[in-house]
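Below: structure13.tsv (TSV, C-alpha atoms and all ligand atoms)
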```tsv
chain	number	residue	atom	x	y	z
A	1	MET	CA	-13.83	54.76	6.03
A	2	ARG	CA	-13.59	51.13	7.03
A	3	LEU	CA	-14.66	49.06	9.94
A	4	VAL	CA	-12.47	47.05	12.22
A	5	ALA	CA	-14.05	43.96	13.57
A	6	VAL	CA	-14.06	41.99	16.78
A	7	PHE	CA	-15.09	38.58	15.56
A	8	ALA	CA	-17.05	36.03	17.49
A	9	LEU	CA	-14.23	33.53	17.50
A	10	VAL	CA	-11.67	35.67	15.71
A	11	LEU	CA	-11.43	39.11	17.18
A	12	VAL	CA	-9.70	41.43	14.78
A	13	CYS	CA	-9.27	45.12	15.19
A	14	LEU	CA	-6.97	47.78	13.85
A	15	ALA	CA	-6.15	51.12	15.27
A	16	GLY	CA	-4.62	54.50	14.76
A	17	GLN	CA	-5.08	58.07	15.83
A	18	ALA	CA	-7.81	58.42	18.37
A	19	PHE	CA	-8.29	61.60	20.32
A	20	ALA	CA	-6.30	63.78	22.63
A	21	ALA	CA	-7.35	65.36	25.87
A	22	PRO	CA	-7.11	69.15	25.85
A	23	VAL	CA	-4.52	70.77	28.06
A	24	GLY	CA	-5.60	70.99	31.67
A	25	THR	CA	-7.84	67.93	31.72
A	26	VAL	CA	-7.40	64.83	33.82
A	27	PRO	CA	-5.85	62.38	31.34
A	28	SER	CA	-6.87	59.26	33.22
A	29	ASP	CA	-10.59	59.80	32.71
A	30	VAL	CA	-12.37	58.57	29.62
A	31	THR	CA	-16.11	58.97	29.14
A	32	VAL	CA	-17.90	56.16	27.34
A	33	ILE	CA	-21.06	57.45	25.66
A	34	TYR	CA	-23.36	54.47	25.13
A	35	ASP	CA	-26.07	54.50	22.51
A	36	ILE	CA	-28.57	51.66	22.93
A	37	LYS	CA	-30.51	50.80	19.80
A	38	GLY	CA	-32.37	47.70	21.02
A	39	HIS	CA	-33.29	46.20	24.37
A	40	PHE	CA	-30.65	46.22	27.10
A	41	SER	CA	-31.23	44.29	30.33
A	42	LYS	CA	-30.65	46.62	33.26
A	43	ALA	CA	-28.66	43.98	35.12
A	44	ALA	CA	-26.50	43.35	32.06
A	45	LEU	CA	-25.86	47.07	31.56
A	46	THR	CA	-24.77	47.50	35.17
A	47	GLU	CA	-22.45	44.51	34.97
A	48	MET	CA	-21.03	45.57	31.61
A	49	ARG	CA	-20.04	48.96	33.00
A	50	ALA	CA	-18.51	47.39	36.09
A	51	GLU	CA	-16.56	44.75	34.17
A	52	ALA	CA	-15.14	47.13	31.55
A	53	GLY	CA	-14.26	49.57	34.33
A	54	ARG	CA	-12.46	46.87	36.33
A	55	ILE	CA	-10.46	45.69	33.31
A	56	ILE	CA	-9.40	49.10	32.03
A	57	GLY	CA	-9.01	50.42	35.58
A	58	THR	CA	-5.98	48.21	36.21
A	59	SER	CA	-4.06	50.54	33.89
A	60	GLY	CA	-5.04	53.59	35.95
A	61	VAL	CA	-7.60	54.78	33.40
A	62	HIS	CA	-10.95	55.54	34.99
A	63	LEU	CA	-14.06	55.09	32.86
A	64	ALA	CA	-17.10	57.30	33.21
A	65	TRP	CA	-20.35	56.31	31.50
A	66	GLN	CA	-23.03	58.45	29.95
A	67	ASN	CA	-26.19	57.47	28.11
A	68	ARG	CA	-26.22	59.25	24.77
A	69	SER	CA	-29.72	60.58	25.35
A	70	ASP	CA	-28.49	62.29	28.51
A	71	SER	CA	-25.35	63.70	26.96
A	72	VAL	CA	-26.80	66.14	24.42
A	73	GLY	CA	-25.16	69.51	24.91
A	74	ALA	CA	-22.67	68.19	27.45
A	75	VAL	CA	-18.95	68.69	26.90
A	76	PHE	CA	-16.49	65.90	27.54
A	77	ASN	CA	-12.75	66.13	27.25
A	78	ASP	CA	-11.95	62.60	26.28
A	79	LEU	CA	-14.65	60.29	25.03
A	80	VAL	CA	-15.57	57.29	22.97
A	81	VAL	CA	-18.99	56.38	21.62
A	82	MET	CA	-20.17	52.77	21.77
A	83	THR	CA	-23.36	51.83	19.98
A	84	PHE	CA	-25.19	48.62	20.94
A	85	LYS	CA	-27.38	47.03	18.31
A	86	GLY	CA	-29.60	43.99	18.68
A	87	SER	CA	-30.90	42.63	21.97
A	88	CYS	CA	-28.49	42.89	24.92
A	89	ALA	CA	-30.49	40.51	27.11
A	90	PHE	CA	-30.86	36.78	27.62
A	91	ASP	CA	-33.39	35.01	25.43
A	92	PRO	CA	-34.08	31.43	26.56
A	93	ALA	CA	-35.61	30.55	23.19
A	94	PRO	CA	-33.48	32.34	20.62
A	95	PRO	CA	-33.88	32.05	16.87
A	96	ILE	CA	-31.25	30.07	14.96
A	97	TYR	CA	-28.29	32.37	14.62
A	98	ASP	CA	-25.26	32.50	12.36
A	99	GLU	CA	-22.28	32.20	14.68
A	100	THR	CA	-19.71	33.65	12.34
A	101	GLY	CA	-19.02	37.35	12.33
A	102	PRO	CA	-17.82	40.09	14.61
A	103	TYR	CA	-18.76	40.78	18.22
A	104	ALA	CA	-18.03	44.43	17.61
A	105	THR	CA	-16.49	46.84	15.16
A	106	THR	CA	-14.49	49.99	15.61
A	107	ARG	CA	-14.38	52.64	12.96
A	108	THR	CA	-11.13	53.65	11.30
A	109	ALA	CA	-10.46	56.44	8.83
A	110	ASN	CA	-7.28	56.79	6.79
A	111	GLY	CA	-5.78	53.93	8.75
A	112	GLU	CA	-6.46	55.60	12.05
A	113	VAL	CA	-8.79	54.28	14.72
A	114	GLN	CA	-11.68	56.55	15.53
A	115	PRO	CA	-13.40	56.65	18.94
A	116	PHE	CA	-16.57	55.09	17.60
A	117	GLY	CA	-17.45	51.44	18.14
A	118	GLU	CA	-20.50	49.26	17.58
A	119	VAL	CA	-21.30	46.10	19.52
A	120	ASP	CA	-23.49	43.36	18.06
A	121	CYS	CA	-25.36	42.25	21.15
A	122	ASP	CA	-27.13	39.37	19.39
A	123	ARG	CA	-23.78	37.82	18.52
A	124	VAL	CA	-22.30	38.29	21.99
A	125	VAL	CA	-25.44	36.93	23.66
A	126	ASN	CA	-25.42	33.94	21.33
A	127	SER	CA	-21.82	33.09	22.23
A	128	VAL	CA	-22.60	33.41	25.93
A	129	ARG	CA	-25.67	31.21	25.61
A	130	LEU	CA	-23.67	28.48	23.88
A	131	ALA	CA	-20.97	28.62	26.57
A	132	MET	CA	-23.29	28.56	29.58
A	133	PHE	CA	-24.24	25.43	31.46
A	134	GLY	CA	-25.92	24.34	34.70
A	135	GLU	CA	-26.38	27.00	37.34
A	136	GLN	CA	-25.04	29.70	35.04
A	137	TYR	CA	-28.48	30.04	33.43
A	138	ALA	CA	-29.75	31.45	36.71
A	139	ARG	CA	-27.44	34.44	36.31
A	140	ALA	CA	-27.50	34.75	32.55
A	141	GLU	CA	-27.97	38.54	32.56
A	142	ILE	CA	-24.89	39.01	34.72
A	143	LEU	CA	-22.82	36.79	32.44
A	144	ILE	CA	-24.07	38.64	29.37
A	145	GLY	CA	-23.08	41.93	31.00
A	146	ARG	CA	-19.67	40.50	31.84
A	147	ALA	CA	-19.15	39.38	28.25
A	148	LEU	CA	-20.24	42.75	26.87
A	149	GLY	CA	-17.88	44.50	29.28
A	150	ARG	CA	-14.97	42.43	27.97
A	151	VAL	CA	-15.86	43.14	24.35
A	152	VAL	CA	-16.07	46.87	25.14
A	153	ALA	CA	-12.77	46.77	27.04
A	154	HIS	CA	-11.10	45.07	24.07
A	155	GLU	CA	-12.24	47.88	21.76
A	156	LEU	CA	-11.26	50.56	24.24
A	157	VAL	CA	-7.70	49.26	24.34
A	158	HIS	CA	-7.47	49.66	20.57
A	159	MET	CA	-8.88	53.16	20.78
A	160	LEU	CA	-6.79	54.35	23.71
A	161	THR	CA	-3.51	52.87	22.48
A	162	ARG	CA	-4.25	53.80	18.86
A	163	SER	CA	-3.07	50.40	17.84
A	164	GLY	CA	-4.44	47.25	16.26
A	165	MET	CA	-2.08	45.13	18.33
A	166	HIS	CA	-3.36	42.00	20.02
A	167	ALA	CA	-1.98	40.18	23.03
A	168	HIS	CA	-1.13	36.51	23.51
A	169	GLU	CA	-3.21	36.40	26.68
A	170	GLY	CA	-6.05	38.20	28.40
A	171	VAL	CA	-8.88	40.30	27.05
A	172	GLN	CA	-6.82	41.69	24.17
A	173	LYS	CA	-6.28	38.34	22.48
A	174	ALA	CA	-7.17	38.33	18.80
A	175	ALA	CA	-9.72	35.57	19.38
A	176	LEU	CA	-12.04	35.10	22.34
A	177	SER	CA	-14.45	32.23	22.85
A	178	GLY	CA	-17.81	32.44	24.58
A	179	ARG	CA	-16.29	30.51	27.47
A	180	GLN	CA	-13.55	33.13	27.84
A	181	LEU	CA	-16.14	35.91	27.75
A	182	ILE	CA	-17.91	34.50	30.82
A	183	ALA	CA	-14.95	32.98	32.71
A	184	ALA	CA	-14.36	34.21	36.25
A	185	SER	CA	-11.68	36.63	35.10
A	186	LEU	CA	-10.26	37.94	31.83
A	187	PRO	CA	-7.90	40.81	32.65
A	188	LEU	CA	-5.57	42.91	30.57
A	189	SER	CA	-2.18	41.33	30.01
A	190	ALA	CA	0.78	43.04	31.70
A	191	MET	CA	1.88	44.20	28.25
A	192	ASP	CA	-1.46	45.90	27.64
A	193	VAL	CA	-1.41	47.60	31.03
A	194	ASP	CA	2.01	49.03	30.14
A	195	ARG	CA	0.85	50.11	26.69
A	196	LEU	CA	-2.14	51.94	28.14
A	197	LYS	CA	0.00	53.65	30.76
A	198	GLN	CA	2.53	54.72	28.14
A	199	MET	CA	-0.10	56.14	25.82
A	200	ARG	CA	-1.87	58.03	28.56
A	201	MET	CA	1.37	59.51	29.85
A	202	HIS	CA	2.16	60.97	26.45
A	203	GLN	CA	-1.18	62.60	25.85
A	301	ZN	ZN	-9.05	43.51	18.46
```
Any chance you could give the structure as structure tokens?
Amino acid sequence: MRLVAVFALVLVCLAGQAFAAPVGTVPSDVTVIYDIKGHFSKAALTEMRAEAGRIIGTSGVHLAWQNRSDSVGAVFNDLVVMTFKGSCAFDPAPPIYDETGPYATTRTANGEVQPFGEVDCDRVVNSVRLAMFGEQYARAEILIGRALGRVVAHELVHMLTRSGMHAHEGVQKAALSGRQLIAASLPLSAMDVDRLKQMRMHQ
């Protein structure tokens, strides 16, 4: 098993076989099971879900969200699991932090992407903090949620397309800066929308 990384300034992920919806299910629905290990600001969580849903939704794929603690015993047709470690909230007086390293990782096995990802909230929050200025501090939790939503969307594209491919523009670029994570918009490229549509049609 190896990990595929989304780096703070160099996002890198690979991909492969993910998961197939059983016959008779609605192929455009994907459930994201989220497993929160540290603190997660409620405002950031709400915004993360909305932002990832907006980005992926342009391909016709609808995301449903389920807290892992509420999903025990439930059966889902098509799902991914995203684990969030560290603190997913704004800290106005953070400790000194090493900026290098991944925003998130997605698991692969035998060269194939698995539907399991892990987000390093401390790293994402640090990038957002460094990119913010002026009035943006007043809505830091929203911007952190937006950034997390974009990191999650990036991983979901790898998982759903079973590919490590990156785009030249948009959320699927191989490298994303903190500024790009909180910019007004960071959509899928047209190429990625097509790739997602193609993959979902053939499931
Ligand atoms: Zn990637």
If you count all atoms listed in the file, which residues fall within 6 Å of Val30 in chain A, apart from same-chain ones fewer than 5 positions away, as a list in words?
Leu63, Asp78 and Leu79 of chain A
Might you pull out every residue within 10 Å of range 136-146 of chain A, with only C-alpha atoms counted and same-chain residues fewer than 3 positions away left off, and present them as a VMD selection string?
chain A and resid 40 to 52 88 to 92 121 124 to 129 131 to 133 149 to 152 181 to 186
Might I get the box with edges along x, y and z of the file that holds all atoms of range 150-163 of chain A listed there, padded by 6 Å on every side, given as centre and edge lengths in Å to one decimal, as AutoDock Vina command-line options?
```
--center_x -9.6 --center_y 48.4 --center_z 22.9 --size_x 25.0 --size_y 23.9 --size_z 22.1
```
All residues 8 Å or closer to Gly86 in chain A, only C-alpha atoms, same chain fewer than 4 positions away omitted, as JSON, numbers by chain
{"A": [37, 38, 39, 120, 121, 122]}
Could you work out how far CA of Val119 in chain A lies from CA of Thr83 in chain A, giving the answer in Å with one decimal?
6.1 Å
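Between CA of Leu188 in chain A and CA of Val171 in chain A the interatomic distance comes to 5.5 Å.
The two atoms in question, CA of Gln198 in chain A and CA of Gln180 in chain A, are spaced 26.9 Å apart.
Considering all atoms listed in the file, the residue among A:Pro187, A:Pro102, A:Gly178, A:Gly134 positioned nearest to ligand ZN 301 (chain A) is A:Pro102.
Minimum atom-to-atom distances from A:Val81, A:Leu148, A:Ile55, A:Val61 to Gln172 in chain A were compared using all atoms listed in the file, and the lowest value belongs to A:Ile55.
Of the listed residues A:Lys85, A:Arg123, A:His158, A:Arg54, the one whose atoms come nearest to ligand ZN 301 (chain A) is A:His158, with distances taken using all atoms listed in the file.
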Please list as a ChimeraX atom specification every residue within 10 Å of Ala190 in chain A, counting all atoms listed in the file and excluding residues in the same chain fewer than 5 positions away.
/A:58-59,167,169-170,195
Which of A:Arg200, A:Arg68, A:Arg107, A:His62 sits closest to Leu160 in chain A [using only C-alpha atoms]
A:Arg200
